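A.B. asks: Below are the structure tokens for one structure; questions will follow.
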Amino acid sequence: MAELIDGKKISLLIKDEVKDHVSKLKEEGKEKALAVILVGEDPASQVYVRNKKAGCEYVGIRSESYELPEDTSEEEILSLIDRLNADDKINGILVQLPLPKHIDEDKVLLRIDPKKDVDGFHPVNVGNLSIGTPGFISCTPNGIIQLLKKSGINAEGKHCVIIGRSNIVGKPMANLMLRENATVTICHSKTVNLKEICKTADILIVAIGRAKMVDASYVKPGAVVIDVGMDRDENGKLCGDVDFESVKDVAGYITPVPGGVGPMTIAMLLYNTSGGDYDL
Ligand code: GUN
């Protein structure tokens with residue numbers, strides 16, 4: 001049986017480190033505050049936003065939330081961002097994705113001041129990550145780096161295979177693993193011989209959004225398997241992109257769903273909002 005990577009436990013460790021950092025800043029008279037913008041009533045987004053606000057409260061970051069109706073215009077969102085960019089009391093701005101279809105997501109993300117872009121989605125921060133200069137790093141992939149580090153897994157020289165090429169996970173994940181000196185392969189829906197490539201991975205990171213797609217036949221014995229999926233199985237139960245029951249007997253390490261990568265995203269958002277400029 002693989003060793004379980006406990007994201008709940010590791011995220012709590014990080015949240016406590018952030019809490020200490022925030023309280024030291026408070027002693028110096030510096031308060032941190034996050035503005036969260038949610039447009040529409042997507043139930044999953046509502047849960048994420050609620051958890052982000054609760055996380056802020058836990059670590060001592062003030063949060064302001066802007067919950068706007070589905071028919072809010074692009075112009076209204078852009079002018080709210082302009083106002084928050086200019087507000088000295090706000091140091092982090094987060095627009096929950098996805099946005100309603102009539103709104104241009106890229107245009108909205110581009111409007112956020114990169115210095116307040118705690119999601120790390122602005123092209124300036126994406127560029128910083130890609131060339132290795134300081135900036136905010138996307139929370140889910142950075143959370144995966146912390147899962148590896150706090151589990152004592154060294155990626156240097158290892159073959160890391162990432163399935164998924166999204167801007168939020170796959171692409172920043174590849175840059176972060178390069179920074180850890182791993183050899184990186186990115187696979188996606190058009191990849192030929194996916195299974196054979198995955199079987200060569202020392203570290204397999206799965207972010208495809210298809211319930212239980214990766215079973216033991218994709219996994220090299222002893223590999224580290226990180227499951228970024230948040231799917232529903234045939235009975236409507238929460239599960240990942242990895243078939244946990246099948247893979248757990250082959251892998252060396254595995255993250256569960258829930259309780260693996262999920263809790264890390266919020267922990268890293270809180271880290272970014274607290275400055276994101278100190279070692280964890
Ligand atoms: N939607 C899904 N994941 C994320 C995330 O990490 N940040 C934001 N803002 N929206 C998301």
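Labeling convention for the structure tokens: chains A, B, ... as they appear, residues from 1 per chain, ligands from 1 in order of appearance.
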Do a neighbour search on range 81-84 of chain A at 10 Å with only C-alpha atoms, toss out local chain neighbours closer than 4 positions, and write the hits as a count of residues only.
C.D. replies: 20
A.B. asks: Could I get the residues of chain A with an atom no further than 10 Å from an atom of ligand 1, each paired with its nearest atom pair and that distance in Å to one decimal, using only C-alpha atoms and all ligand atoms, sorted by chain and residue number, as CSV?
C.D. replies:
residue,atom,partner,partner_atom_place_in_ligand_line,distance
A:Val36,CA,ligand 1,9 (N),8.5
A:Ile37,CA,ligand 1,9 (N),8.5
A:Leu38,CA,ligand 1,9 (N),8.9
A:Ala44,CA,ligand 1,1 (N),9.0
A:Ser45,CA,ligand 1,1 (N),7.0
A:Tyr48,CA,ligand 1,1 (N),8.0
A:Val49,CA,ligand 1,10 (N),8.9
A:Lys52,CA,ligand 1,7 (N),9.9
A:Ile93,CA,ligand 1,9 (N),9.0
A:Leu94,CA,ligand 1,9 (N),5.4
A:Val95,CA,ligand 1,9 (N),4.8
A:Gln96,CA,ligand 1,9 (N),3.7
A:Leu97,CA,ligand 1,10 (N),3.8
A:Pro98,CA,ligand 1,1 (N),5.9
A:Leu99,CA,ligand 1,10 (N),8.9
A:Leu109,CA,ligand 1,9 (N),9.3
A:Asp117,CA,ligand 1,9 (N),9.7
A:Val118,CA,ligand 1,9 (N),8.9
A:Asp119,CA,ligand 1,7 (N),5.8
A:Gly120,CA,ligand 1,7 (N),8.8
A:Phe121,CA,ligand 1,9 (N),8.3
A:Ser138,CA,ligand 1,6 (O),7.1
A:Cys139,CA,ligand 1,6 (O),6.0
A:Thr140,CA,ligand 1,6 (O),6.3
A:Pro141,CA,ligand 1,6 (O),9.4
A:Ile168,CA,ligand 1,6 (O),6.8
A:Val169,CA,ligand 1,6 (O),8.7
A:Gly262,CA,ligand 1,3 (N),9.7
A:Thr265,CA,ligand 1,6 (O),6.5
A:Ile266,CA,ligand 1,6 (O),8.0
A:Met268,CA,ligand 1,6 (O),9.6
A:Leu269,CA,ligand 1,6 (O),8.1
A.B. asks: Can you tell me, as a ChimeraX atom specification, what residues are no more than 10 Å from Lys9 in chain A when counting only C-alpha atoms, ignoring any on the same chain fewer than 4 positions away?
C.D. replies: /A:5,13-15,147,259-260,263-264
A.B. asks: Go ahead and dump the residues you just picked, N, CA and C atoms, as a CSV table (one decimal), in the first residue's frame.
C.D. replies:
chain,number,residue,atom,x,y,z
A,5,ILE,N,-0.3,10.8,1.1
A,5,ILE,CA,0.1,12.2,1.3
A,5,ILE,C,-1.1,13.0,1.8
A,13,LEU,N,-0.5,22.8,8.5
A,13,LEU,CA,0.8,23.2,8.9
A,13,LEU,C,1.1,24.6,8.2
A,14,ILE,N,0.8,24.7,6.9
A,14,ILE,CA,1.1,25.9,6.2
A,14,ILE,C,0.2,27.0,6.7
A,15,LYS,N,-1.1,26.7,6.9
A,15,LYS,CA,-2.0,27.8,7.4
A,15,LYS,C,-1.5,28.3,8.8
A,147,LEU,N,3.3,19.8,-1.1
A,147,LEU,CA,3.0,18.5,-0.7
A,147,LEU,C,4.2,17.6,-0.8
A,259,GLY,N,-9.1,15.6,0.4
A,259,GLY,CA,-8.1,15.6,1.4
A,259,GLY,C,-6.7,15.5,0.9
A,260,GLY,N,-6.5,15.7,-0.4
A,260,GLY,CA,-5.2,15.7,-1.0
A,260,GLY,C,-4.8,17.1,-1.4
A,263,PRO,N,-7.2,20.9,-0.3
A,263,PRO,CA,-7.0,21.9,0.8
A,263,PRO,C,-5.7,22.8,0.6
A,264,MET,N,-4.8,22.3,-0.3
A,264,MET,CA,-3.6,23.0,-0.5
A,264,MET,C,-3.8,24.3,-1.2
A.B. asks: Could you pull out the residues in range 54-210 of chain A that DSSP calls alpha helix (DSSP H) from the backbone, as a VMD selection string?
C.D. replies: chain A and resid 54 to 59 74 to 86 105 to 111 123 to 131 139 to 150 170 to 179 194 to 198
A.B. asks: Residues near range 25-32 of chain A, anyone? I mean within 10 Å using only C-alpha atoms, not counting same-chain ones fewer than 5 positions away, as a list in words.
C.D. replies: Lys19, Asp20, Cys56, Gly60, Ile61, Arg62, Ser63, Lys89, Ile90, Asn91, Gly92, Leu270, Thr273, Ser274 and Gly275 of chain A
A.B. asks: Report as a Markdown table: every residue of range 177-262 of chain A with an atom at most 6 Å from range 148-160 of chain A, its closest pair of atoms, and their distance in Å to one decimal, counting only C-alpha atoms, with rows sorted by chain and ascending residue number.
C.D. replies:
| residue | atom | partner | partner_atom | distance |
| --- | --- | --- | --- | --- |
| A:Glu180 | CA | A:Glu156 | CA | 5.8 |
| A:Asn181 | CA | A:Glu156 | CA | 4.6 |
| A:Ala182 | CA | A:Glu156 | CA | 4.9 |
| A:Thr183 | CA | A:His159 | CA | 4.8 |
| A:Val184 | CA | A:Cys160 | CA | 4.9 |
| A:Ala201 | CA | A:His159 | CA | 5.3 |
| A:Asp202 | CA | A:His159 | CA | 5.3 |
| A:Ile203 | CA | A:Cys160 | CA | 4.6 |
| A:Leu204 | CA | A:Cys160 | CA | 5.9 |
A.B. asks: Take the residues just selected and output them with all heavy atoms as a CSV table (one decimal), in the first residue's frame.
C.D. replies:
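Printed below is selection_8.csv as written:
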chain,number,residue,atom,x,y,z
A,180,GLU,N,12.4,22.7,-9.9
A,180,GLU,CA,12.9,21.7,-8.9
A,180,GLU,C,13.9,20.8,-9.5
A,180,GLU,O,14.2,19.7,-9.0
A,180,GLU,CB,11.7,20.9,-8.4
A,180,GLU,CG,10.7,21.7,-7.6
A,180,GLU,CD,11.2,22.4,-6.3
A,180,GLU,OE1,12.0,21.7,-5.6
A,180,GLU,OE2,11.0,23.6,-6.1
A,181,ASN,N,14.3,21.1,-10.8
A,181,ASN,CA,15.2,20.2,-11.5
A,181,ASN,C,14.7,18.9,-11.9
A,181,ASN,O,15.5,17.9,-12.0
A,181,ASN,CB,16.6,20.1,-10.7
A,181,ASN,CG,17.2,21.4,-10.6
A,181,ASN,OD1,17.3,22.2,-11.5
A,181,ASN,ND2,17.7,21.7,-9.4
A,182,ALA,N,13.4,18.8,-12.1
A,182,ALA,CA,12.9,17.5,-12.6
A,182,ALA,C,13.0,17.6,-14.2
A,182,ALA,O,13.1,18.6,-14.7
A,182,ALA,CB,11.4,17.3,-12.2
A,183,THR,N,12.9,16.4,-14.8
A,183,THR,CA,12.7,16.3,-16.2
A,183,THR,C,11.2,16.2,-16.5
A,183,THR,O,10.6,15.3,-15.9
A,183,THR,CB,13.4,15.1,-16.8
A,183,THR,OG1,14.8,15.2,-16.4
A,183,THR,CG2,13.3,14.9,-18.3
A,184,VAL,N,10.7,17.1,-17.3
A,184,VAL,CA,9.2,17.3,-17.3
A,184,VAL,C,8.6,16.9,-18.7
A,184,VAL,O,9.1,17.3,-19.7
A,184,VAL,CB,8.8,18.7,-17.0
A,184,VAL,CG1,7.3,18.9,-17.0
A,184,VAL,CG2,9.3,19.1,-15.6
A,201,ALA,N,6.9,7.6,-15.6
A,201,ALA,CA,7.0,8.7,-14.6
A,201,ALA,C,7.4,8.2,-13.2
A,201,ALA,O,6.9,7.3,-12.7
A,201,ALA,CB,5.6,9.4,-14.5
A,202,ASP,N,8.3,9.0,-12.6
A,202,ASP,CA,8.6,8.9,-11.2
A,202,ASP,C,7.6,9.6,-10.4
A,202,ASP,O,7.3,9.3,-9.3
A,202,ASP,CB,10.0,9.4,-10.9
A,202,ASP,CG,11.1,8.7,-11.7
A,202,ASP,OD1,11.2,7.5,-11.7
A,202,ASP,OD2,11.8,9.4,-12.5
A,203,ILE,N,7.2,10.8,-11.0
A,203,ILE,CA,6.1,11.6,-10.4
A,203,ILE,C,5.1,11.8,-11.4
A,203,ILE,O,5.4,12.4,-12.5
A,203,ILE,CB,6.7,12.9,-9.9
A,203,ILE,CG1,7.8,12.7,-8.8
A,203,ILE,CG2,5.6,13.8,-9.3
A,203,ILE,CD1,8.6,14.0,-8.4
A,204,LEU,N,3.8,11.4,-11.1
A,204,LEU,CA,2.7,11.5,-12.1
A,204,LEU,C,1.7,12.5,-11.5
A,204,LEU,O,1.2,12.2,-10.4
A,204,LEU,CB,2.1,10.1,-12.4
A,204,LEU,CG,1.0,10.0,-13.3
A,204,LEU,CD1,1.4,10.5,-14.7
A,204,LEU,CD2,0.4,8.6,-13.4
A.B. asks: For range 233-239 of chain A, please output as JSON, numbers by chain all residues within 9 Å (counting only C-alpha atoms; exclusion window: fewer than 2 positions along the same chain).
C.D. replies: {"A": [211, 212, 229, 230, 231, 241, 242, 243, 244, 256, 257, 258]}
A.B. asks: Ranking A:Tyr58, A:Val161, A:Met173, A:Gly143 by minimum distance to Val224 in chain A and counting only C-alpha atoms, which one comes first?
C.D. replies: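 Of all the options, A:Val161 lies closest to Val224 in chain A.
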A.B. asks: In Å, how far is it from CA of Ala223 in chain A to CA of Gly252 in chain A?
C.D. replies: 5.1 Å
A.B. asks: Residues near range 127-129 of chain A, anyone? I mean within 12 Å using only C-alpha atoms, not counting same-chain ones fewer than 2 positions away, as a PyMOL selection string.
C.D. replies: chain A and resi 114-115+120-125+131-138+141-142+167+171-179
